[in-house]
$ cat start.cif   # mmCIF, C-alpha atoms
data_start
#
loop_
_atom_site.label_atom_id
_atom_site.label_comp_id
_atom_site.auth_asym_id
_atom_site.auth_seq_id
_atom_site.Cartn_x
_atom_site.Cartn_y
_atom_site.Cartn_z
CA MET Z 169 0.00 0.00 0.00
CA ILE Z 170 0.92 3.67 -0.04
CA ASP Z 171 3.65 4.79 2.37
CA ASP Z 172 5.82 7.84 3.03
CA SER Z 173 9.05 6.57 1.54
CA LYS Z 174 8.64 8.15 -1.90
CA PRO Z 175 6.24 10.17 -4.04
CA ILE Z 176 2.81 8.56 -4.35
CA PHE Z 177 2.75 8.81 -8.15
CA MET Z 178 5.83 6.58 -8.26
CA GLN Z 179 4.20 4.10 -5.92
CA ILE Z 180 1.09 4.00 -8.13
CA ALA Z 181 3.25 3.44 -11.21
CA GLU Z 182 5.12 0.63 -9.44
CA LEU Z 183 1.90 -1.03 -8.27
CA ILE Z 184 0.62 -1.13 -11.85
CA GLU Z 185 4.01 -2.38 -13.10
CA SER Z 186 3.98 -5.22 -10.57
CA ASP Z 187 0.49 -6.20 -11.69
CA ILE Z 188 1.65 -6.27 -15.30
CA VAL Z 189 4.71 -8.40 -14.44
CA SER Z 190 2.68 -10.85 -12.35
CA GLY Z 191 0.02 -11.07 -15.04
CA VAL Z 192 -2.82 -9.67 -12.91
CA LEU Z 193 -3.10 -6.99 -15.59
CA ALA Z 194 -2.81 -8.84 -18.90
CA GLU Z 195 -1.70 -7.12 -22.08
CA GLU Z 196 -4.55 -5.40 -23.89
CA SER Z 197 -6.65 -5.44 -20.72
CA GLN Z 198 -8.06 -2.24 -19.27
CA VAL Z 199 -6.45 -0.71 -16.19
CA PRO Z 200 -8.61 1.01 -13.55
CA SER Z 201 -9.30 4.71 -14.14
CA THR Z 202 -7.37 7.34 -12.23
CA ASN Z 203 -10.52 8.15 -10.27
CA GLU Z 204 -10.82 4.50 -9.29
CA PHE Z 205 -7.19 4.47 -8.15
CA ALA Z 206 -7.80 7.71 -6.24
CA ALA Z 207 -10.87 6.34 -4.48
CA PHE Z 208 -9.26 2.97 -3.71
CA TYR Z 209 -5.99 4.29 -2.30
CA ARG Z 210 -7.59 7.48 -0.95
CA ILE Z 211 -5.19 9.71 -2.80
CA ASN Z 212 -5.53 12.84 -4.86
CA PRO Z 213 -6.84 12.05 -8.38
CA ALA Z 214 -4.20 14.30 -9.95
CA THR Z 215 -1.48 12.27 -8.22
CA ALA Z 216 -2.98 9.00 -9.47
CA ALA Z 217 -3.13 10.48 -12.99
CA LYS Z 218 0.54 11.41 -12.76
CA GLY Z 219 1.45 7.80 -11.94
CA VAL Z 220 -0.62 6.44 -14.82
CA ASN Z 221 0.76 9.03 -17.25
CA ARG Z 222 4.28 8.02 -16.38
CA LEU Z 223 3.51 4.52 -17.68
CA VAL Z 224 1.92 5.98 -20.80
CA GLU Z 225 5.13 7.94 -21.43
CA ASN Z 226 7.14 4.72 -21.03
CA GLY Z 227 4.89 2.99 -23.56
CA LEU Z 228 3.57 0.45 -21.02
CA LEU Z 229 0.01 1.76 -21.17
CA TYR Z 230 -1.88 3.40 -23.99
CA LYS Z 231 -5.02 5.45 -24.12
CA LYS Z 232 -8.16 4.56 -26.06
CA ARG Z 233 -9.98 7.80 -26.49
CA GLY Z 234 -13.19 7.91 -24.51
CA ILE Z 235 -12.73 4.40 -23.12
CA GLY Z 236 -9.70 4.39 -20.86
CA MET Z 237 -6.17 3.09 -20.35
CA PHE Z 238 -4.98 -0.30 -21.59
CA VAL Z 239 -1.85 -2.37 -21.09
CA ALA Z 240 0.30 -2.14 -24.23
CA GLN Z 241 1.38 -5.12 -26.29
CA GLY Z 242 4.86 -6.16 -25.11
CA ALA Z 243 4.60 -4.27 -21.80
CA ARG Z 244 5.38 -7.33 -19.71
CA HIS Z 245 8.43 -8.19 -21.78
CA GLN Z 246 9.65 -4.59 -21.53
CA LEU Z 247 9.31 -4.62 -17.73
CA LEU Z 248 11.04 -7.99 -17.38
CA GLU Z 249 13.96 -6.68 -19.44
CA ALA Z 250 14.22 -3.62 -17.21
CA ARG Z 251 14.14 -5.76 -14.08
CA ARG Z 252 16.85 -8.03 -15.44
CA HIS Z 253 19.04 -4.97 -15.82
CA GLN Z 254 18.26 -3.90 -12.27
CA PHE Z 255 18.95 -7.40 -10.98
CA HIS Z 256 22.69 -6.84 -11.20
CA GLU Z 257 22.58 -3.54 -9.30
CA GLN Z 258 20.09 -4.66 -6.69
CA TYR Z 259 21.16 -8.22 -5.97
CA ILE Z 260 24.45 -9.26 -7.59
CA ARG Z 261 26.52 -6.24 -6.62
CA PRO Z 262 25.60 -6.27 -2.89
CA LEU Z 263 25.97 -10.06 -2.89
CA THR Z 264 29.52 -10.00 -4.26
CA ALA Z 265 30.45 -7.07 -2.02
CA GLU Z 266 29.30 -8.91 1.10
CA ALA Z 267 30.96 -12.14 -0.09
CA SER Z 268 34.35 -10.46 -0.53
CA LYS Z 269 33.99 -8.84 2.92
CA LEU Z 270 33.49 -12.30 4.42
CA GLY Z 271 36.34 -13.77 2.38
CA ILE Z 272 34.10 -15.99 0.27
CA GLY Z 273 35.85 -16.62 -3.05
CA THR Z 274 34.13 -16.43 -6.42
CA GLN Z 275 34.20 -20.20 -6.91
CA GLU Z 276 32.79 -20.80 -3.44
CA LEU Z 277 30.06 -18.24 -4.10
CA ILE Z 278 29.09 -19.96 -7.35
CA THR Z 279 28.90 -23.31 -5.54
CA MET Z 280 26.69 -21.72 -2.86
CA ILE Z 281 24.36 -20.30 -5.51
CA GLN Z 282 24.19 -23.65 -7.29
CA THR Z 283 23.39 -25.49 -4.05
CA SER Z 284 20.76 -22.88 -3.13
CA ALA Z 285 19.13 -22.96 -6.57
CA HIS Z 286 19.17 -26.78 -6.45
CA THR Z 287 17.45 -26.84 -3.01
CA ASP Z 288 14.85 -24.32 -4.19
CA VAL Z 289 13.97 -26.44 -7.18
CA ASN Z 290 13.79 -29.58 -4.99
CA GLY Z 291 11.77 -27.72 -2.39
CA GLN Z 292 9.19 -26.70 -4.96
CA GLY Z 293 9.16 -30.20 -6.43
CA SER Z 294 8.38 -31.84 -3.12
CA VAL Z 295 5.48 -29.43 -2.54
CA ILE Z 296 3.99 -30.43 -5.85
CA ASN Z 297 4.50 -34.15 -5.10
CA ASP Z 298 2.71 -33.96 -1.74
CA MET P 174 2.28 27.18 -14.50
CA THR P 175 -0.24 28.09 -17.14
CA ASN P 176 -3.26 28.47 -14.87
CA ALA P 177 -4.12 31.93 -13.62
CA PRO P 178 -4.30 31.70 -9.83
CA ALA P 179 -7.72 31.22 -8.22
CA ILE P 180 -6.41 32.92 -5.11
CA GLN P 181 -3.64 35.45 -4.98
CA ALA P 182 -2.49 37.08 -1.77
CA THR P 183 0.20 39.70 -1.88
CA ASN P 184 2.08 41.00 1.16
CA LEU P 185 -0.78 40.28 3.54
CA SER P 186 -0.22 41.43 7.10
CA LYS P 187 -2.63 41.43 9.99
CA ASN P 188 -2.09 42.62 13.55
CA TYR P 189 -4.30 42.24 16.58
CA LYS P 190 -2.88 44.95 18.84
CA GLU P 191 0.70 43.83 19.50
CA LEU P 192 0.17 40.31 18.10
CA THR P 193 1.21 39.78 14.49
CA ALA P 194 -1.26 37.24 13.11
CA LEU P 195 -0.02 37.42 9.52
CA ASP P 196 3.34 38.70 8.46
CA GLN P 197 3.89 39.57 4.79
CA VAL P 198 2.11 36.52 3.41
CA ASN P 199 2.44 35.87 -0.31
CA LEU P 200 0.45 33.02 -1.76
CA ALA P 201 -0.86 31.94 -5.16
CA LEU P 202 -3.26 29.00 -5.29
CA GLU P 203 -4.13 27.49 -8.66
CA PRO P 204 -7.64 26.43 -9.59
CA ASN P 205 -8.84 22.82 -9.28
CA ARG P 206 -6.32 21.53 -6.79
CA ILE P 207 -6.51 20.35 -3.19
CA TYR P 208 -4.35 22.42 -0.87
CA GLY P 209 -3.44 21.68 2.71
CA LEU P 210 -3.11 24.68 4.98
CA LEU P 211 -1.21 23.33 7.95
CA GLY P 212 0.18 24.82 11.10
CA ARG P 213 -0.10 24.91 14.85
CA ASN P 214 -2.92 26.49 16.80
CA GLY P 215 -2.63 30.25 16.58
CA ALA P 216 -0.32 30.09 13.57
CA GLY P 217 -2.67 32.28 11.52
CA LYS P 218 -4.61 29.72 9.45
CA THR P 219 -8.12 30.93 10.31
CA THR P 220 -7.09 34.59 10.06
CA LEU P 221 -5.71 33.96 6.58
CA MET P 222 -8.85 32.13 5.41
CA SER P 223 -11.10 34.86 6.83
CA ILE P 224 -9.25 37.52 4.87
CA LEU P 225 -9.17 35.43 1.67
CA THR P 226 -12.95 35.00 1.86
CA GLY P 227 -13.61 38.68 2.47
CA GLN P 228 -14.78 38.07 6.04
CA GLY P 229 -11.85 39.83 7.64
CA PHE P 230 -9.55 42.75 6.94
CA ALA P 231 -5.84 42.81 6.42
CA ASN P 232 -3.86 45.77 7.75
CA GLN P 233 -1.76 45.57 4.65
CA GLY P 234 -1.62 43.79 1.32
CA THR P 235 -4.11 42.70 -1.30
CA VAL P 236 -6.29 39.67 -2.04
CA LYS P 237 -7.48 38.73 -5.50
CA ILE P 238 -10.02 35.93 -6.00
CA PHE P 239 -10.28 35.12 -9.71
CA GLY P 240 -8.83 38.59 -10.18
CA HIS P 241 -11.30 40.42 -7.90
CA ASN P 242 -11.11 41.84 -4.42
CA PRO P 243 -13.65 39.60 -2.62
CA TYR P 244 -14.71 42.15 -0.03
CA GLU P 245 -18.44 42.90 -0.53
CA HIS P 246 -18.17 41.64 -4.09
CA ASP P 247 -21.25 39.37 -4.37
CA ALA P 248 -20.31 37.77 -7.67
CA THR P 249 -17.01 36.63 -6.15
CA LEU P 250 -18.36 35.71 -2.72
CA SER P 251 -20.92 33.30 -4.19
CA ARG P 252 -18.06 31.39 -5.83
CA MET P 253 -16.51 30.71 -2.43
CA CYS P 254 -17.59 28.58 0.50
CA PHE P 255 -15.87 28.91 3.87
CA ILE P 256 -16.73 26.28 6.47
CA ARG P 257 -15.50 27.58 9.78
CA GLU P 258 -14.44 25.38 12.65
CA SER P 259 -16.98 27.17 14.84
CA GLN P 260 -19.59 27.96 12.22
CA LYS P 261 -22.52 29.92 13.69
CA TYR P 262 -26.09 29.45 12.50
CA PRO P 263 -29.18 31.46 13.46
CA ASP P 264 -30.34 30.31 16.90
CA ASP P 265 -33.52 28.42 16.06
CA PHE P 266 -32.33 27.07 12.69
CA ARG P 267 -32.68 23.39 11.99
CA ALA P 268 -30.10 21.59 9.83
CA ASN P 269 -32.46 21.32 6.86
CA GLN P 270 -33.06 25.09 7.01
CA ALA P 271 -29.31 25.67 6.87
CA PHE P 272 -29.17 23.44 3.78
CA LYS P 273 -32.04 25.34 2.15
CA ALA P 274 -30.26 28.64 2.72
CA ALA P 275 -27.04 27.22 1.26
CA ALA P 276 -28.96 25.90 -1.77
CA LEU P 277 -30.22 29.44 -2.46
CA PHE P 278 -26.78 30.99 -2.14
CA TYR P 279 -24.64 28.50 -4.06
CA GLU P 280 -25.65 28.09 -7.67
CA ASN P 281 -23.84 24.74 -8.05
CA TRP P 282 -25.60 23.26 -5.01
CA ASP P 283 -26.28 19.54 -5.51
CA GLU P 284 -29.36 18.47 -3.57
CA ASP P 285 -28.85 14.75 -4.28
CA LEU P 286 -25.31 14.87 -2.92
CA ALA P 287 -26.56 16.70 0.17
CA ARG P 288 -29.19 13.99 0.76
CA GLU P 289 -26.65 11.21 0.34
CA LEU P 290 -24.33 12.88 2.82
CA ILE P 291 -27.13 13.47 5.35
CA GLU P 292 -27.81 9.76 5.23
CA ALA P 293 -24.13 8.80 5.42
CA PHE P 294 -23.58 11.01 8.47
CA ARG P 295 -26.98 10.00 9.95
CA LEU P 296 -27.73 13.64 10.62
CA PRO P 297 -31.05 14.46 12.32
CA VAL P 298 -32.05 17.28 9.98
CA LYS P 299 -35.14 18.32 11.91
CA ARG P 300 -33.37 18.91 15.19
CA ARG P 301 -32.41 22.47 16.09
CA ILE P 302 -28.74 23.05 15.27
CA LYS P 303 -28.21 24.36 18.82
CA LYS P 304 -29.07 20.90 20.13
CA LEU P 305 -26.75 18.98 17.82
CA SER P 306 -23.60 17.33 19.18
CA ARG P 307 -20.22 18.76 18.23
CA GLY P 308 -19.76 16.00 15.66
CA GLN P 309 -23.21 16.53 14.14
CA LEU P 310 -22.48 20.26 13.92
CA SER P 311 -19.27 19.48 12.04
CA ALA P 312 -21.27 17.19 9.74
CA VAL P 313 -23.60 20.10 8.87
CA GLY P 314 -20.53 22.11 7.79
CA VAL P 315 -19.02 19.23 5.83
CA ILE P 316 -22.31 18.65 3.98
CA ILE P 317 -22.64 22.33 3.07
CA GLY P 318 -18.99 22.48 2.03
CA LEU P 319 -19.24 19.47 -0.28
CA ALA P 320 -22.76 19.93 -1.67
CA SER P 321 -22.22 23.64 -2.44
CA ARG P 322 -19.60 22.63 -5.05
CA ALA P 323 -18.29 26.18 -4.82
CA GLU P 324 -15.32 26.90 -7.07
CA ILE P 325 -13.24 27.59 -3.99
CA THR P 326 -14.05 25.76 -0.76
CA PHE P 327 -12.27 26.32 2.53
CA PHE P 328 -12.59 23.73 5.28
CA ASP P 329 -11.20 24.98 8.58
CA GLU P 330 -10.64 21.96 10.85
CA PRO P 331 -13.86 20.43 9.52
CA TYR P 332 -13.72 17.22 11.52
CA LEU P 333 -13.99 18.39 15.16
CA GLY P 334 -16.06 15.89 17.09
CA LEU P 335 -16.39 13.57 14.10
CA ASP P 336 -15.49 9.98 14.91
CA ALA P 337 -13.05 7.98 12.81
CA VAL P 338 -15.83 6.51 10.65
CA ALA P 339 -17.37 9.91 9.93
CA ARG P 340 -13.96 11.42 9.13
CA GLN P 341 -13.34 8.61 6.66
CA ILE P 342 -16.71 9.30 5.04
CA PHE P 343 -15.65 12.92 4.66
CA TYR P 344 -12.28 12.09 3.06
CA ASP P 345 -13.80 9.45 0.76
CA ARG P 346 -16.60 11.73 -0.40
CA LEU P 347 -14.15 14.59 -0.90
CA VAL P 348 -11.90 12.50 -3.20
CA GLU P 349 -14.88 11.03 -5.02
CA ASP P 350 -16.61 14.35 -5.61
CA PHE P 351 -13.41 16.19 -6.43
CA ALA P 352 -12.64 13.59 -9.10
CA THR P 353 -15.90 14.26 -10.92
CA HIS P 354 -16.22 17.96 -10.03
CA PRO P 355 -12.73 19.45 -9.79
CA ARG P 356 -12.49 22.67 -7.81
CA THR P 357 -10.12 24.45 -5.49
CA ILE P 358 -10.17 23.00 -2.00
CA VAL P 359 -8.25 24.43 0.92
CA LEU P 360 -8.17 22.04 3.83
CA SER P 361 -6.86 23.33 7.12
CA SER P 362 -6.00 20.51 9.45
CA HIS P 363 -4.11 19.30 12.48
CA LEU P 364 -4.61 15.66 11.54
CA ILE P 365 -1.95 15.81 8.88
CA ASP P 366 -1.37 12.07 8.55
CA GLU P 367 -5.06 11.55 7.82
CA VAL P 368 -5.19 14.05 4.97
CA ALA P 369 -1.61 13.83 3.66
CA ASN P 370 -2.44 11.57 0.71
CA LEU P 371 -5.30 13.80 -0.44
CA LEU P 372 -3.20 16.92 -0.76
CA GLU P 373 -1.54 18.08 -3.96
CA HIS P 374 0.14 21.07 -2.46
CA VAL P 375 1.09 21.93 1.10
CA VAL P 376 1.26 25.36 2.70
CA VAL P 377 2.59 25.48 6.24
CA ILE P 378 2.13 28.63 8.24
CA ASP P 379 3.87 29.35 11.49
CA ALA P 380 3.67 32.51 13.61
CA GLY P 381 2.00 34.31 10.70
CA LYS P 382 4.66 33.40 8.16
CA ILE P 383 4.61 30.85 5.34
CA VAL P 384 7.36 28.35 6.13
CA ILE P 385 6.59 25.68 3.51
CA ASP P 386 4.85 26.21 0.16
CA GLU P 387 5.58 23.05 -1.83
CA GLU P 388 4.07 20.23 -3.84
CA ALA P 389 3.07 17.38 -1.53
CA GLU P 390 4.86 14.93 -3.80
CA SER P 391 8.16 16.75 -3.55
CA LEU P 392 7.89 16.69 0.25
CA ARG P 393 7.23 12.96 0.29
CA GLY P 394 10.50 11.11 0.83
CA ALA P 395 12.31 14.45 1.09
CA ALA P 396 13.45 13.62 4.61
CA VAL P 397 14.73 10.50 6.28
CA THR P 398 15.43 9.40 9.85
CA VAL P 399 18.77 7.72 10.44
CA THR P 400 19.03 5.55 13.55
CA GLY P 401 21.97 3.69 15.03
CA ASN P 402 25.30 4.14 16.77
CA ALA P 403 25.64 7.89 17.50
CA GLU P 404 29.12 8.23 16.03
CA LYS P 405 28.20 6.40 12.86
CA VAL P 406 24.99 8.40 12.50
CA ALA P 407 26.97 11.64 12.84
CA GLU P 408 29.48 10.39 10.29
CA PHE P 409 26.73 9.42 7.87
CA ILE P 410 24.60 12.58 8.00
CA GLY P 411 27.59 14.85 7.33
CA SER P 412 26.36 18.36 6.59
CA TYR P 413 22.76 17.60 5.61
CA PRO P 414 20.22 19.94 7.25
CA VAL P 415 19.01 18.38 10.51
CA LEU P 416 15.29 18.50 11.31
CA HIS P 417 15.38 16.69 14.59
CA ARG P 418 17.69 14.83 16.97
CA ASP P 419 16.93 12.16 19.53
CA ALA P 420 19.55 10.42 21.62
CA LEU P 421 19.47 7.46 23.97
CA GLY P 422 22.84 6.56 25.42
CA SER P 423 25.11 5.66 22.50
CA LEU P 424 22.11 5.45 20.20
CA ALA P 425 21.07 8.39 18.01
CA SER P 426 18.11 9.01 15.79
CA ILE P 427 18.46 12.02 13.53
CA SER P 428 16.06 13.24 10.86
CA ILE P 429 17.68 14.97 7.90
CA ARG P 430 16.12 16.88 5.02
CA THR P 431 17.45 15.15 1.94
CA ARG P 432 16.59 12.49 -0.58
CA LEU P 433 19.15 9.72 -0.27
CA SER P 434 20.73 8.18 -3.34
CA GLN P 435 20.91 4.43 -3.87
CA ALA P 436 24.62 4.56 -3.00
CA GLU P 437 23.94 6.42 0.25
CA ARG P 438 21.34 3.85 1.23
CA ALA P 439 23.83 1.08 0.59
CA ARG P 440 26.40 2.92 2.70
CA ALA P 441 23.91 3.31 5.56
CA ALA P 442 23.35 -0.44 5.46
CA GLU P 443 27.11 -1.02 5.55
CA LEU P 444 27.40 1.19 8.64
CA GLY P 445 24.59 -0.81 10.27
CA LEU P 446 22.26 2.20 10.30
CA GLU P 447 18.53 1.98 9.97
CA LEU P 448 16.68 4.33 7.63
CA SER P 449 13.01 5.20 8.02
CA PRO P 450 10.83 7.64 6.10
CA VAL P 451 9.70 10.89 7.71
CA SER P 452 5.95 11.42 7.34
CA LEU P 453 4.50 14.69 6.12
CA GLN P 454 3.20 15.25 9.64
CA GLN P 455 6.65 14.87 11.19
CA LEU P 456 8.16 17.08 8.51
CA VAL P 457 5.59 19.80 9.21
CA VAL P 458 6.02 19.51 12.98
CA ARG P 459 9.79 19.80 12.62
CA SER P 460 9.56 22.72 10.21
CA ALA P 461 7.10 24.59 12.41
CA MET P 462 9.23 24.00 15.48
CA GLY P 463 12.34 25.21 13.69
CA THR P 464 11.11 28.78 13.48
CA GLU P 465 10.25 28.93 17.14
CA ASP P 466 13.05 31.19 18.37
CA ASN P 467 11.19 34.50 18.22
CA ASP P 468 7.77 33.04 18.84
CA THR P 469 6.12 34.39 21.96
CA SER P 470 2.55 33.25 21.39
CA ASP P 471 1.13 30.53 23.61
CA VAL P 472 0.81 27.93 20.87
CA ASN P 473 0.59 24.31 21.80
CA VAL P 474 3.03 21.75 20.45
CA GLU P 475 0.96 18.83 21.69
CA ALA P 476 -1.91 19.82 19.44
CA MET P 477 0.21 19.08 16.38
CA LYS P 478 1.17 15.58 17.42
#

$ encode --input "start.cif" --output "structure tokens"
Amino acid sequence: MIDDSKPIFMQIAELIESDIVSGVLAEESQVPSTNEFAAFYRINPATAAKGVNRLVENGLLYKKRGIGMFVAQGARHQLLEARRHQFHEQYIRPLTAEASKLGIGTQELITMIQTSAHTDVNGQGSVIND
Amino acid sequence: MTNAPAIQATNLSKNYKELTALDQVNLALEPNRIYGLLGRNGAGKTTLMSILTGQGFANQGTVKIFGHNPYEHDATLSRMCFIRESQKYPDDFRANQAFKAAALFYENWDEDLARELIEAFRLPVKRRIKKLSRGQLSAVGVIIGLASRAEITFFDEPYLGLDAVARQIFYDRLVEDFATHPRTIVLSSHLIDEVANLLEHVVVIDAGKIVIDEEAESLRGAAVTVTGNAEKVAEFIGSYPVLHRDALGSLASISIRTRLSQAERARAAELGLELSPVSLQQLVVRSAMGTEDNDTSDVNVEAMK
């Protein structure tokens, strides 16, 4: 939900982005109107509009005149690409920094990641088998 | 900004004997936005709204509402609605009579909206206003303020005596109605956290002076509280402007006015420091307290918390 950490329009944009990535908002489906966002999150309609417009500018949403906003073709792919780029900054860099601080070598780190990925896959598998 | 201001105040000053209520206030409010007018008790909020609505005089300065001086200018006055915290009604008026009078005065009055609100607030419209509870009296003001759909509407602490449910009804209806009928709303409030997300622009007044006049969105995330080992906190905050300091033994918690970069956040984590956002309310409280040095009025800090 909405918090004080950053501008609300950015939070609205991120909420919509997450819904596109997770598939809650499918491509070519209609997104709620800015007034609906405003009423639901109890925020100023102009602020909600600013968040939605940001996604229009990025080509993730497009406007059908008189009908509303829709998720653009290829929006999910575009967001996944962007997140892949961020993955290095957000996860890999701090991971390697912490590893070198603790004296964990590159090879050891790779082994740890492989073991962890292996357990995750097994973990999921066993849930499905149950 | 392309919009001509709905409200323009230039060099407004107001003195009550030796007390300076307003000190050289300059303000331009654009049409169709929701403004928050925030500040401590006695900061000058009500005085300012009275002068802007032509119900009070300034000792100095000018007010233009849609380009006109509002004082005794009927055409301008009927475009404005001012709901006072302690709104007075004729002694034997009943609520429905107050609504009828408002319907005659405000040309955009929406009777259906008024009826919906009466029901939502469960207001006994046939009871004499004198006999209404404080909360019911506030509800009368809120209903008039919303249903009048005036081009400029001032709400001065509109929620006194309203319980949490009724306040939520007010905020919800305000957002809903504003979305379909945009207009200029000036909301004066102590309960900053409750209204923060509704505001587009924030004006903070303290001891008669404007101390903040900024977009709500640019204030959000514009300050951060750093908590941890006192030495490390001091090292981290460097020369950023400090809003507030708390200390407990070797532990310090300092709020600074800055937007931290990704790198700075990473560095804070490395130093073992905790970062937490500063709410609009805290930011306003800190800003208002910062100008306290030459403040001799008996304002109450507790009221802002």

$ resolve_selection --input "start.cif" --expression "the PyMOL selection byres ((chain P and resi 255) around 7)" --output "number ranges by chain"
P: 253-254, 256-257, 326-328

$ interface_residues --input "start.cif" --of "chain Z" --to "chain P" --cutoff "12 Å" --atoms "all atoms listed in the file" --output "PyMOL selection string"
chain Z and resi 169-179+201-219+257-259+261-263+265-266+269

$ axis_aligned_box --input "start.cif" --around "region 249-254 of chain Z" --padding-each-side "4 Å" --output "AutoDock Vina command-line options"
--center_x 16.5 --center_y -5.8 --center_z -15.9 --size_x 13.1 --size_y 12.4 --size_z 15.2

$ resolve_selection --input "start.cif" --expression "the PyMOL selection byres ((chain P and resi 281) around 10)" --output "list in words"
Ser251, Arg252, Ala276, Leu277, Phe278, Tyr279, Glu280, Trp282, Asp283, Glu284, Ala320, Ser321, Arg322, Ala323 and Glu324 of chain P

$ residues_around --input "start.cif" --residues "Ala194 (chain Z)" --least-positions-apart "3" --cutoff "12 Å" --atoms "only C-alpha atoms" --output "list in words"
Ile184, Glu185, Ser186, Asp187, Ile188, Val189, Ser190, Gly191, Ser197, Gln198, Val199, Leu228, Leu229, Phe238, Val239, Ala240, Gln241, Gly242, Ala243, Arg244 and His245 of chain Z

$ closest_residue --input "start.cif" --among "P:Gln454, P:Ser460, P:Asn232, P:Asn402" --to "Lys190 (chain P)" --atoms "all atoms listed in the file"
P:Asn232

$ atom_distance --input "start.cif" --atom1 "CA of Asn269 (chain P)" --atom2 "CA of Gly314 (chain P)"
12.0 Å

$ atom_distance --input "start.cif" --atom1 "CA of Thr219 (chain P)" --atom2 "CA of Asn242 (chain P)"
18.6 Å

$ resolve_selection --input "start.cif" --expression "the PyMOL selection byres ((chain P and resi 292-305) around 12)" --output "NGL selection string"
:P and (260-273 or 285-291 or 306-316 or 334-343 or 345-346)

$ atom_distance --input "start.cif" --atom1 "CA of Leu250 (chain P)" --atom2 "CA of Asn199 (chain P)"
20.9 Å

$ residues_around --input "start.cif" --residues "region 191-195 of chain P" --least-positions-apart "3" --cutoff "7 Å" --atoms "only C-alpha atoms" --output "number ranges by chain"
P: 185-188, 198, 217, 380-382

$ residues_around --input "start.cif" --residues "Ala441 (chain P)" --least-positions-apart "3" --cutoff "12 Å" --atoms "all atoms listed in the file" --output "list in words"
Val397, Thr398, Val399, Thr400, Gly401, Asn402, Lys405, Val406, Ala407, Glu408, Phe409, Ile410, Leu433, Ser434, Gln435, Ala436, Glu437, Arg438, Leu444, Gly445, Leu446, Glu447, Leu448 and Ser449 of chain P

$ build_atoms --input "start.cif" --residues "region 295-308 of chain P" --atoms "N, CA and C atoms" --output "compact mmCIF listing (two decimals), in the coordinates of the input"
# COMPACT_ATOMS: atom_id res chain seq x y z
N ARG P 295 -25.82 10.24 9.07
CA ARG P 295 -26.98 10.00 9.95
C ARG P 295 -27.35 11.25 10.73
N LEU P 296 -27.48 12.35 9.98
CA LEU P 296 -27.73 13.64 10.62
C LEU P 296 -29.23 13.85 10.84
N PRO P 297 -29.64 14.15 12.07
CA PRO P 297 -31.05 14.46 12.32
C PRO P 297 -31.37 15.87 11.84
N VAL P 298 -31.91 15.97 10.61
CA VAL P 298 -32.05 17.28 9.98
C VAL P 298 -33.13 18.15 10.59
N LYS P 299 -34.04 17.53 11.36
CA LYS P 299 -35.14 18.32 11.91
C LYS P 299 -34.85 18.83 13.31
N ARG P 300 -33.71 18.43 13.85
CA ARG P 300 -33.37 18.91 15.19
C ARG P 300 -32.77 20.31 15.07
N ARG P 301 -33.01 21.14 16.10
CA ARG P 301 -32.41 22.47 16.09
C ARG P 301 -30.89 22.33 16.16
N ILE P 302 -30.20 23.15 15.36
CA ILE P 302 -28.74 23.05 15.27
C ILE P 302 -28.10 23.23 16.65
N LYS P 303 -28.71 24.13 17.45
CA LYS P 303 -28.21 24.36 18.82
C LYS P 303 -28.08 23.08 19.61
N LYS P 304 -29.01 22.13 19.33
CA LYS P 304 -29.07 20.90 20.13
C LYS P 304 -28.22 19.77 19.55
N LEU P 305 -27.57 20.03 18.42
CA LEU P 305 -26.75 18.98 17.82
C LEU P 305 -25.46 18.80 18.60
N SER P 306 -24.90 17.58 18.54
CA SER P 306 -23.60 17.33 19.18
C SER P 306 -22.52 18.03 18.35
N ARG P 307 -21.33 18.12 18.92
CA ARG P 307 -20.22 18.76 18.23
C ARG P 307 -19.96 18.08 16.88
N GLY P 308 -19.99 16.76 16.88
CA GLY P 308 -19.76 16.00 15.66
C GLY P 308 -20.84 16.24 14.62
